[in-house]
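Data file: coords-v3.cif. Format and content: mmCIF, C-alpha atoms and all ligand atoms.
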data_query
#
loop_
_atom_site.label_atom_id
_atom_site.label_comp_id
_atom_site.auth_asym_id
_atom_site.auth_seq_id
_atom_site.Cartn_x
_atom_site.Cartn_y
_atom_site.Cartn_z
CA MET A 16 0.00 0.00 0.00
CA SER A 17 1.37 3.43 -0.91
CA VAL A 18 2.00 5.81 1.94
CA LEU A 19 0.38 9.19 1.31
CA TYR A 20 3.00 11.39 2.94
CA LEU A 21 5.75 9.59 1.03
CA THR A 22 4.05 10.42 -2.27
CA ASP A 23 5.00 13.56 -4.16
CA PRO A 24 1.96 15.86 -3.85
CA ASP A 25 1.83 16.14 -7.64
CA ASP A 26 1.57 12.36 -8.00
CA LEU A 27 -1.39 11.77 -5.66
CA ALA A 28 -3.79 11.21 -8.57
CA SER A 29 -1.80 8.18 -9.67
CA LEU A 30 -2.61 6.44 -6.36
CA LEU A 31 -6.34 6.84 -6.82
CA GLY A 32 -6.95 4.51 -9.77
CA ASP A 33 -10.20 5.31 -11.54
CA GLN A 34 -11.47 7.79 -8.96
CA PRO A 35 -12.68 11.13 -10.39
CA SER A 36 -9.93 13.71 -10.68
CA TYR A 37 -11.27 16.04 -7.97
CA ARG A 38 -10.51 13.31 -5.42
CA SER A 39 -6.79 14.04 -5.57
CA ASP A 40 -7.45 17.72 -4.79
CA GLN A 41 -9.57 16.69 -1.81
CA LEU A 42 -6.85 14.37 -0.64
CA ARG A 43 -4.16 17.01 -1.09
CA ARG A 44 -6.17 19.38 1.04
CA TRP A 45 -6.50 16.83 3.84
CA LEU A 46 -2.82 16.03 3.77
CA TYR A 47 -1.37 19.51 3.69
CA ARG A 48 -4.02 22.06 4.70
CA ASP A 49 -6.21 20.25 7.25
CA PRO A 50 -4.24 17.20 8.40
CA VAL A 51 -6.05 14.50 10.38
CA LEU A 52 -4.64 11.75 12.59
CA GLU A 53 -6.50 8.89 10.88
CA ALA A 54 -7.32 8.37 7.21
CA ASP A 55 -10.87 7.58 8.25
CA ALA A 56 -11.38 11.21 9.32
CA MET A 57 -11.15 12.44 5.71
CA THR A 58 -14.91 12.60 5.65
CA ASN A 59 -15.61 13.68 2.10
CA LEU A 60 -13.77 10.69 0.63
CA PRO A 61 -15.66 7.43 0.05
CA ALA A 62 -15.31 4.98 2.95
CA ASP A 63 -13.76 2.20 0.86
CA LEU A 64 -11.12 4.58 -0.45
CA ARG A 65 -10.29 5.79 3.09
CA ARG A 66 -9.81 2.20 4.14
CA ASP A 67 -7.27 1.67 1.39
CA LEU A 68 -5.15 4.72 2.17
CA ARG A 69 -2.18 4.77 4.52
CA LEU A 70 -1.33 8.19 5.88
CA TRP A 71 1.79 7.91 8.01
CA PRO A 72 5.21 6.61 7.03
CA PHE A 73 5.87 5.67 10.66
CA GLU A 74 4.33 4.33 13.83
CA VAL A 75 4.26 6.23 17.11
CA VAL A 76 6.45 4.14 19.42
CA ALA A 77 6.56 6.59 22.31
CA ASP A 78 4.33 9.51 23.18
CA GLN A 79 5.32 11.53 26.22
CA VAL A 80 3.75 14.50 27.90
CA GLY A 81 5.61 17.11 29.95
CA ASP A 82 5.33 20.63 31.34
CA GLY A 83 1.70 20.20 32.34
CA GLY A 84 0.65 19.08 28.89
CA THR A 85 2.33 21.90 26.97
CA THR A 86 5.27 19.77 25.77
CA ARG A 87 4.66 16.63 23.80
CA LYS A 88 7.36 14.40 22.51
CA TRP A 89 6.91 11.68 19.92
CA LEU A 90 9.25 8.96 18.89
CA PHE A 91 8.23 7.64 15.49
CA GLU A 92 9.57 4.49 13.88
CA ALA A 93 9.77 3.85 10.14
CA PRO A 94 9.23 0.31 8.80
CA ASP A 95 13.01 -0.16 8.44
CA GLY A 96 13.43 0.58 12.16
CA ALA A 97 14.81 4.13 11.74
CA GLN A 98 13.69 6.32 14.61
CA ILE A 99 12.50 9.88 14.23
CA GLU A 100 11.94 12.24 17.11
CA SER A 101 9.76 15.37 17.25
CA VAL A 102 8.87 17.70 20.11
CA LEU A 103 5.85 19.99 20.12
CA MET A 104 5.95 22.96 22.49
CA GLY A 105 2.82 24.97 23.22
CA TYR A 106 2.69 28.59 24.41
CA PRO A 107 -0.23 31.00 24.78
CA ARG A 108 0.28 32.54 21.37
CA ARG A 109 2.31 29.99 19.45
CA ALA A 110 3.01 26.33 18.97
CA THR A 111 6.48 25.27 17.85
CA LEU A 112 7.50 21.92 16.45
CA CYS A 113 11.10 20.81 16.76
CA LEU A 114 11.62 18.17 14.07
CA SER A 115 14.27 15.76 12.84
CA SER A 116 15.93 15.83 9.41
CA GLN A 117 17.98 12.64 9.76
CA ALA A 118 17.79 9.47 11.84
CA GLY A 119 20.93 10.03 13.88
CA CYS A 120 23.73 12.35 12.81
CA ALA A 121 27.22 11.74 11.47
CA LEU A 122 28.83 14.89 12.84
CA GLY A 123 29.62 13.69 16.33
CA CYS A 124 29.40 16.85 18.47
CA THR A 125 30.66 15.65 21.83
CA PHE A 126 27.82 16.95 24.02
CA CYS A 127 24.93 15.81 21.77
CA ALA A 128 23.01 12.57 22.34
CA THR A 129 22.25 12.25 18.62
CA GLY A 130 25.90 12.71 17.76
CA GLN A 131 26.91 10.09 20.29
CA PHE A 132 24.76 7.46 18.55
CA GLY A 133 26.00 8.12 15.05
CA PHE A 134 24.17 8.13 11.75
CA THR A 135 21.38 5.79 10.64
CA ARG A 136 20.07 7.43 7.46
CA HIS A 137 18.70 10.57 5.83
CA LEU A 138 14.98 11.25 6.20
CA GLU A 139 12.90 11.56 3.04
CA PRO A 140 11.04 14.81 2.34
CA GLY A 141 7.76 13.03 3.15
CA GLU A 142 9.10 11.80 6.49
CA ILE A 143 10.05 15.35 7.42
CA VAL A 144 6.75 16.85 6.28
CA ALA A 145 4.79 14.07 8.00
CA GLN A 146 6.20 15.24 11.35
CA VAL A 147 4.73 18.69 10.64
CA ALA A 148 1.41 17.22 9.50
CA TYR A 149 1.23 15.06 12.62
CA ALA A 150 1.77 18.08 14.88
CA LYS A 151 -0.83 20.09 12.96
CA ALA A 152 -3.35 17.26 13.20
CA PHE A 153 -2.60 16.82 16.89
CA LEU A 154 -3.12 20.52 17.68
CA ARG A 155 -6.32 20.68 15.68
CA HIS A 156 -7.95 17.44 16.83
CA ILE A 157 -6.51 16.79 20.30
CA GLY A 158 -4.91 20.08 21.32
CA MET A 159 -2.75 21.38 24.14
CA PRO A 160 -3.70 23.50 27.17
CA ASP A 161 -3.42 27.28 26.64
CA THR A 162 -2.08 26.82 23.12
CA PRO A 163 -3.50 27.82 19.74
CA ASP A 164 -4.89 24.95 17.64
CA ARG A 165 -2.60 25.94 14.79
CA LEU A 166 1.09 25.19 14.34
CA THR A 167 2.86 28.54 14.11
CA ASN A 168 6.59 27.65 13.99
CA VAL A 169 8.85 24.84 12.87
CA VAL A 170 12.50 24.50 13.90
CA PHE A 171 14.96 21.94 12.51
CA MET A 172 16.49 21.29 15.92
CA GLY A 173 15.67 17.65 16.51
CA MET A 174 17.91 14.86 15.30
CA GLY A 175 20.26 15.38 12.41
CA GLU A 176 22.06 18.08 10.50
CA PRO A 177 19.57 19.50 7.97
CA LEU A 178 22.21 20.91 5.64
CA ALA A 179 23.91 17.50 5.41
CA ASN A 180 20.63 16.26 3.88
CA TYR A 181 20.25 19.31 1.67
CA ARG A 182 18.17 18.13 -1.28
CA ARG A 183 15.52 16.34 0.79
CA VAL A 184 15.32 19.10 3.39
CA ARG A 185 14.91 21.65 0.61
CA GLU A 186 12.00 19.67 -0.84
CA ALA A 187 10.42 19.32 2.62
CA ILE A 188 10.66 23.09 3.11
CA ARG A 189 9.16 23.66 -0.33
CA ARG A 190 6.18 21.48 0.63
CA MET A 191 5.76 23.33 3.94
CA ILE A 192 5.71 26.66 2.10
CA GLU A 193 3.81 25.77 -1.07
CA GLU A 194 1.50 22.96 0.07
CA MET A 195 1.00 23.75 3.75
CA ARG A 196 1.15 27.52 3.16
CA MET A 197 3.51 28.13 6.06
CA SER A 198 5.44 31.38 5.98
CA PRO A 199 9.22 30.95 5.47
CA ARG A 200 9.58 33.44 8.30
CA SER A 201 8.03 30.89 10.66
CA LEU A 202 10.60 28.21 9.76
CA THR A 203 14.09 27.95 11.29
CA VAL A 204 16.89 25.83 9.91
CA SER A 205 19.57 25.09 12.50
CA THR A 206 23.04 24.12 11.35
CA VAL A 207 26.27 23.29 13.09
CA GLY A 208 28.10 25.08 10.28
CA MET A 209 27.87 23.35 6.91
CA VAL A 210 29.27 26.31 5.01
CA PRO A 211 28.38 25.20 1.44
CA GLY A 212 24.82 24.42 2.57
CA ILE A 213 24.42 27.85 4.18
CA ARG A 214 25.46 29.49 0.91
CA ARG A 215 23.11 27.31 -1.11
CA LEU A 216 20.22 28.02 1.23
CA ALA A 217 20.91 31.74 0.93
CA GLU A 218 20.34 31.44 -2.80
CA GLU A 219 16.97 29.68 -2.63
CA GLY A 220 15.09 32.96 -2.29
CA TRP A 221 13.21 32.04 0.92
CA PRO A 222 13.41 34.37 3.93
CA LEU A 223 13.95 31.44 6.32
CA ASN A 224 15.46 31.92 9.76
CA LEU A 225 18.91 30.45 10.08
CA ALA A 226 20.35 29.39 13.44
CA ILE A 227 24.06 28.65 13.67
CA SER A 228 25.13 26.37 16.49
CA LEU A 229 28.43 27.99 17.41
CA HIS A 230 29.13 26.93 21.04
CA ALA A 231 32.70 28.24 21.05
CA ALA A 232 34.31 31.45 19.84
CA ASP A 233 37.79 30.21 18.93
CA ASP A 234 38.79 27.37 16.63
CA GLU A 235 40.69 25.36 19.21
CA LEU A 236 37.80 25.06 21.63
CA ARG A 237 35.22 24.75 18.86
CA SER A 238 37.06 21.92 17.13
CA SER A 239 37.13 20.00 20.41
CA LEU A 240 33.33 20.23 20.73
CA VAL A 241 32.23 20.29 17.09
CA PRO A 242 34.48 18.13 14.88
CA LEU A 243 33.08 19.77 11.70
CA ASN A 244 34.88 22.95 12.73
CA ARG A 245 38.11 21.41 11.43
CA ARG A 246 36.60 21.43 7.96
CA TYR A 247 34.78 24.78 8.19
CA PRO A 248 36.53 27.00 10.73
CA ILE A 249 34.91 30.03 12.35
CA GLU A 250 36.19 32.54 9.83
CA GLU A 251 34.53 30.71 6.94
CA LEU A 252 31.37 30.29 8.96
CA GLU A 253 31.24 34.01 9.66
CA ALA A 254 31.61 34.78 5.96
CA ALA A 255 28.79 32.37 5.11
CA ALA A 256 26.57 33.91 7.81
CA LEU A 257 27.16 37.37 6.37
CA TYR A 258 26.37 36.08 2.89
CA TYR A 259 23.10 34.67 4.23
CA LEU A 260 22.20 38.05 5.73
CA GLU A 261 23.08 39.86 2.54
CA LYS A 262 21.08 37.50 0.30
CA THR A 263 17.97 37.02 2.44
CA GLY A 264 17.87 40.14 4.60
CA ARG A 265 17.38 37.83 7.61
CA ARG A 266 19.64 38.13 10.61
CA VAL A 267 21.00 34.79 11.72
CA SER A 268 20.95 33.64 15.32
CA ILE A 269 23.83 32.04 17.16
CA GLU A 270 22.99 29.04 19.37
CA TRP A 271 25.26 28.47 22.32
CA THR A 272 24.86 25.44 24.60
CA MET A 273 26.25 26.51 27.98
CA MET A 274 28.68 24.01 29.51
CA ASP A 275 30.12 24.54 32.95
CA ASP A 276 33.72 25.71 32.83
CA VAL A 277 33.99 24.85 29.12
CA ASN A 278 32.46 27.67 27.08
CA ASP A 279 30.90 29.88 29.76
CA THR A 280 33.97 31.95 30.67
CA ASP A 281 34.22 35.74 30.46
CA GLU A 282 36.81 35.33 27.72
CA GLN A 283 34.47 33.25 25.55
CA ALA A 284 31.69 35.78 26.15
CA ARG A 285 33.89 38.62 24.92
CA LYS A 286 35.05 36.72 21.85
CA LEU A 287 31.48 35.68 21.11
CA ALA A 288 30.35 39.30 21.39
CA ASP A 289 32.91 40.25 18.71
CA ILE A 290 31.63 37.57 16.35
CA ALA A 291 27.97 38.38 16.98
CA ARG A 292 28.60 42.07 16.30
CA ARG A 293 30.47 41.33 13.09
CA ILE A 294 27.69 39.16 11.69
CA ARG A 295 24.88 41.17 13.38
CA ALA A 296 23.49 38.08 15.07
CA HIS A 297 21.26 37.57 18.07
CA VAL A 298 22.56 35.02 20.61
CA ASN A 299 20.42 32.27 22.16
CA LEU A 300 21.89 30.59 25.21
CA ILE A 301 20.67 27.23 26.42
CA ALA A 302 21.94 25.26 29.40
CA LEU A 303 23.41 21.90 28.43
CA ASN A 304 21.04 19.01 28.84
CA PRO A 305 23.50 16.41 30.17
CA THR A 306 23.84 13.28 28.03
CA PRO A 307 25.19 9.86 29.01
CA GLY A 308 28.23 10.16 26.71
CA THR A 309 30.03 13.16 28.28
CA ASP A 310 31.08 14.48 31.65
CA ASN A 311 30.12 18.05 30.80
CA ARG A 312 27.72 19.76 33.15
CA PRO A 313 25.29 22.60 32.48
CA SER A 314 26.46 26.09 33.45
CA THR A 315 25.10 27.51 36.67
CA ALA A 316 22.34 30.12 36.54
CA GLU A 317 24.77 32.73 37.90
CA ARG A 318 27.28 32.00 35.16
CA MET A 319 24.60 32.25 32.52
CA ASP A 320 23.45 35.61 33.87
CA ARG A 321 27.01 36.90 33.90
CA PHE A 322 27.55 35.68 30.33
CA VAL A 323 24.41 37.49 29.16
CA GLU A 324 25.54 40.63 30.97
CA ILE A 325 28.86 40.65 29.11
CA LEU A 326 27.11 40.16 25.78
CA LYS A 327 24.58 42.87 26.46
CA GLY A 328 27.31 45.19 27.73
CA SER A 329 28.96 44.80 24.32
CA GLY A 330 25.76 45.71 22.51
CA VAL A 331 24.77 42.16 21.58
CA ASN A 332 21.23 40.95 21.84
CA ALA A 333 21.09 37.76 23.93
CA THR A 334 18.38 35.59 25.44
CA ILE A 335 18.38 32.51 27.62
CA ARG A 336 16.17 29.90 25.98
CA ASP A 337 13.77 28.02 28.19
CA THR A 338 14.51 24.36 28.54
CA ARG A 339 11.27 22.67 27.70
CA GLY A 340 10.74 19.02 28.23
CA ARG A 341 13.52 18.33 30.73
CA ASP A 342 11.20 15.91 32.50
CA ILE A 343 10.70 13.91 29.31
CA ASP A 344 14.25 14.00 27.89
CA ALA A 345 13.13 16.31 25.14
CA ALA A 346 16.58 17.52 24.19
CA CYS A 347 18.16 16.45 20.97
CA GLY A 348 18.19 12.67 20.64
CA GLN A 349 17.47 11.93 24.24
CA LEU A 350 14.25 9.96 24.06
CA ARG A 351 15.87 7.65 21.56
CA ALA A 352 18.84 7.34 23.88
CA ARG A 353 16.61 6.21 26.73
CA GLN A 354 14.75 3.76 24.54
CA MET A 355 17.98 2.16 23.45
CA GLU A 356 19.02 1.71 27.04
CA GLY A 357 15.80 -0.27 27.41
CA GLN A 358 14.28 2.07 30.01
CA ALA A 359 11.47 3.39 27.95
CA VAL A 360 8.45 3.98 27.54
CA SER A 361 4.80 3.75 26.76
CA VAL A 362 2.21 2.37 24.47
CA ARG A 363 2.42 1.57 20.83
CA VAL A 364 -0.20 3.52 18.97
CA ARG A 365 -1.03 2.48 15.46
CA HIS A 366 -2.33 5.01 13.03
CA SER A 367 -3.62 4.18 9.62
N1 LIG B 1 22.45 19.61 13.68
C1 LIG B 1 21.83 20.87 13.86
C2 LIG B 1 20.39 20.81 14.32
C3 LIG B 1 20.05 19.78 15.35
S1 LIG B 1 20.77 20.05 16.95
C4 LIG B 1 22.68 21.74 14.80
O1 LIG B 1 23.55 21.21 15.44
O2 LIG B 1 22.40 22.93 14.84
C5 LIG B 1 19.77 21.37 17.54
C6 LIG B 1 20.38 22.16 18.67
O3 LIG B 1 20.45 21.37 19.87
C7 LIG B 1 21.79 22.63 18.36
O4 LIG B 1 21.93 24.00 18.63
C8 LIG B 1 22.61 21.78 19.31
O5 LIG B 1 23.81 22.38 19.63
C9 LIG B 1 21.70 21.64 20.50
N2 LIG B 1 22.05 20.55 21.40
C10 LIG B 1 22.55 19.35 21.07
N3 LIG B 1 22.78 18.59 22.17
C11 LIG B 1 22.40 19.35 23.22
C12 LIG B 1 22.39 19.13 24.63
N4 LIG B 1 22.80 17.99 25.14
N5 LIG B 1 21.95 20.14 25.43
C13 LIG B 1 21.52 21.30 24.90
N6 LIG B 1 21.50 21.57 23.58
C14 LIG B 1 21.95 20.60 22.75
FE1 LIG B 2 24.58 16.50 14.74
FE2 LIG B 2 23.62 18.90 15.57
FE3 LIG B 2 24.01 16.87 17.32
FE4 LIG B 2 26.11 18.12 16.23
S1 LIG B 2 24.56 19.02 17.60
S2 LIG B 2 25.87 15.88 16.47
S3 LIG B 2 25.35 18.52 14.19
S4 LIG B 2 22.55 16.90 15.64
#
Can you dump the structure from the file as C-alpha cells?
Amino acid sequence: MSVLYLTDPDDLASLLGDQPSYRSDQLRRWLYRDPVLEADAMTNLPADLRRDLRLWPFEVVADQVGDGGTTRKWLFEAPDGAQIESVLMGYPRRATLCLSSQAGCALGCTFCATGQFGFTRHLEPGEIVAQVAYAKAFLRHIGMPDTPDRLTNVVFMGMGEPLANYRRVREAIRRMIEEMRMSPRSLTVSTVGMVPGIRRLAEEGWPLNLAISLHAADDELRSSLVPLNRRYPIEELEAAALYYLEKTGRRVSIEWTMMDDVNDTDEQARKLADIARRIRAHVNLIALNPTPGTDNRPSTAERMDRFVEILKGSGVNATIRDTRGRDIDAACGQLRARQMEGQAVSVRVRHS
C-alpha cells in the first residue's frame, strides 16, 4: 500500500486509480491544509477509499507529555526501524514543532546525544513533512492546554544536520511553504556550520530563519566540541553567515549550549560578542542538557546571567532559551537514547 506522505503531492492522482480527478485535490487538502490523525477522518472521501489509504510513514512508538501538557514528545519508527523524534511545544500565542531531518547524525558533536549514537540514514522529504502534519493534526484534533490549535513555527532542531541532507530538506521546506502555506519566516533551519549548505540556502530565495550552532568562539575550543569545525573554521562560517544576511535580509541567530567551565567563561563571552557584532546576530543561550556520553555539566544560573551581561554590555542581543521538556528528555536525541538503554516507555499507537 502506498503511503500518502511519502508520495509527491503532484503524484497523488496516480494512487487513486479510476477515482474522479477532484478526489486528488480533496486528498491534497486533507494532507497539507487540514491534516487528520487517521485516514478515516477524511470525511468527504468514500469509505472504501479511506480504508485503502495509509497516511503515516511511521508508527508512534513513544508519546510523552511534559510541562503540564504543553510539551509533547513523539518517537516515530519507520518500517526499516529508523527512529525519528519530534517535540511539540505549546505557548499562549504559538506552537512550535522541533523536528528531525535525519535518523541520527554523522557529525559527532561531543555533548549531543544524537551525535553520540552516530548516523542511521537521511529522512525523506515526506518523512520530514509528516512530522509537521502530525503536529498540525494533533493541535487541531486533540490540542494542548493554553495553546492555539494551529502550528505557528517549525525549527529543525531535533535529530540530524539538515544541511547535510540538503536536497531532501529543501523539498520538505518547499512542501511546507507551497502545500502547507507556512510562511518561510516561521521556519528555522539550525546548522552546526555546513558552510556550502548555508550558501546554497541563501540562494533559494526564501526568507527562512537560520540558526548557527556555534558553542565556542575560537577554533581550538570549537574543534574539540564540534568536529566539523576542522573542515569549516569560524572565519569561513562568519563569511557564510554574512552572505546569508546579505542574500535574504534575515539576521542569523547564534545558538550556544552553555557548559560549565567549558564555554561559559568571560573570555568566551567577549570573543562571542565580537563575532555576533560582526555578523549582526542575536545570541540564544541554552543550558546543556546532560547526556550519558560526556562528563560536561550545564552552566550555573549565575554563570549564565554573567555571560548574558557581558554580551549585552557589548551591545549584543542575547536571550536565555527556556529548557522545555527536561522531565521527558526532550533535548536532541534523548528519548531515543533512553529507549535504546531499554528504560522506555509507553504504548504503541497504530495510526492508519
Ligand atoms: N544539527 C543541527 C540541528 C540539530 S541540533 C545543529 O547542530 O544545529 C539542535 C540544537 O540542539 C543545536 O543548537 C545543538 O547544539 C543543540 N544541542 C545538542 N545537544 C544538546 C544538549 N545535550 N543540550 C543542549 N543543547 C543541545
Ligand atoms: Fe549533529 Fe547537531 Fe548533534 Fe552536532 S549538535 S551531532 S550537528 S545533531
Practice task
With only C-alpha atoms and all ligand atoms counted, collect every polymer residue having an atom within 9 Å of ligand LIG 1 (chain B); state the result as a PyMOL selection string.
Solution key: chain A and resi 113-116+120+122+124-130+170-179+204-208+226-230+241+269-274+301-306+313+338+346-349
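Minimum distance to Pro242 in chain A across A:Gln283, A:Ser198, A:Glu261, A:Gly123 (counting all atoms listed in the file) occurs at A:Gly123.
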Exercise for the section: Can you work out the spacing between CA of Ile143 in chain A and CA of Leu243 in chain A in Å, to one decimal? Expected result: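 Those two atoms sit 23.8 Å apart.
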Enclose the full set of atoms of range 116-127 of chain A listed in the file within a box whose edges lie along x, y and z, apply 5 Å of padding to each of the six sides, and report centre and edge lengths in Å to one decimal as JSON.
{"center_x": 23.3, "center_y": 13.2, "center_z": 16.7, "size_x": 24.7, "size_y": 17.5, "size_z": 24.6}
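One finds CA of Arg215 in chain A at 18.0 Å from CA of Ile294 in chain A.
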Completion exercise
Computed gap from CA of Arg196 in chain A to CA of Asp78 in chain A is 27.1 Å
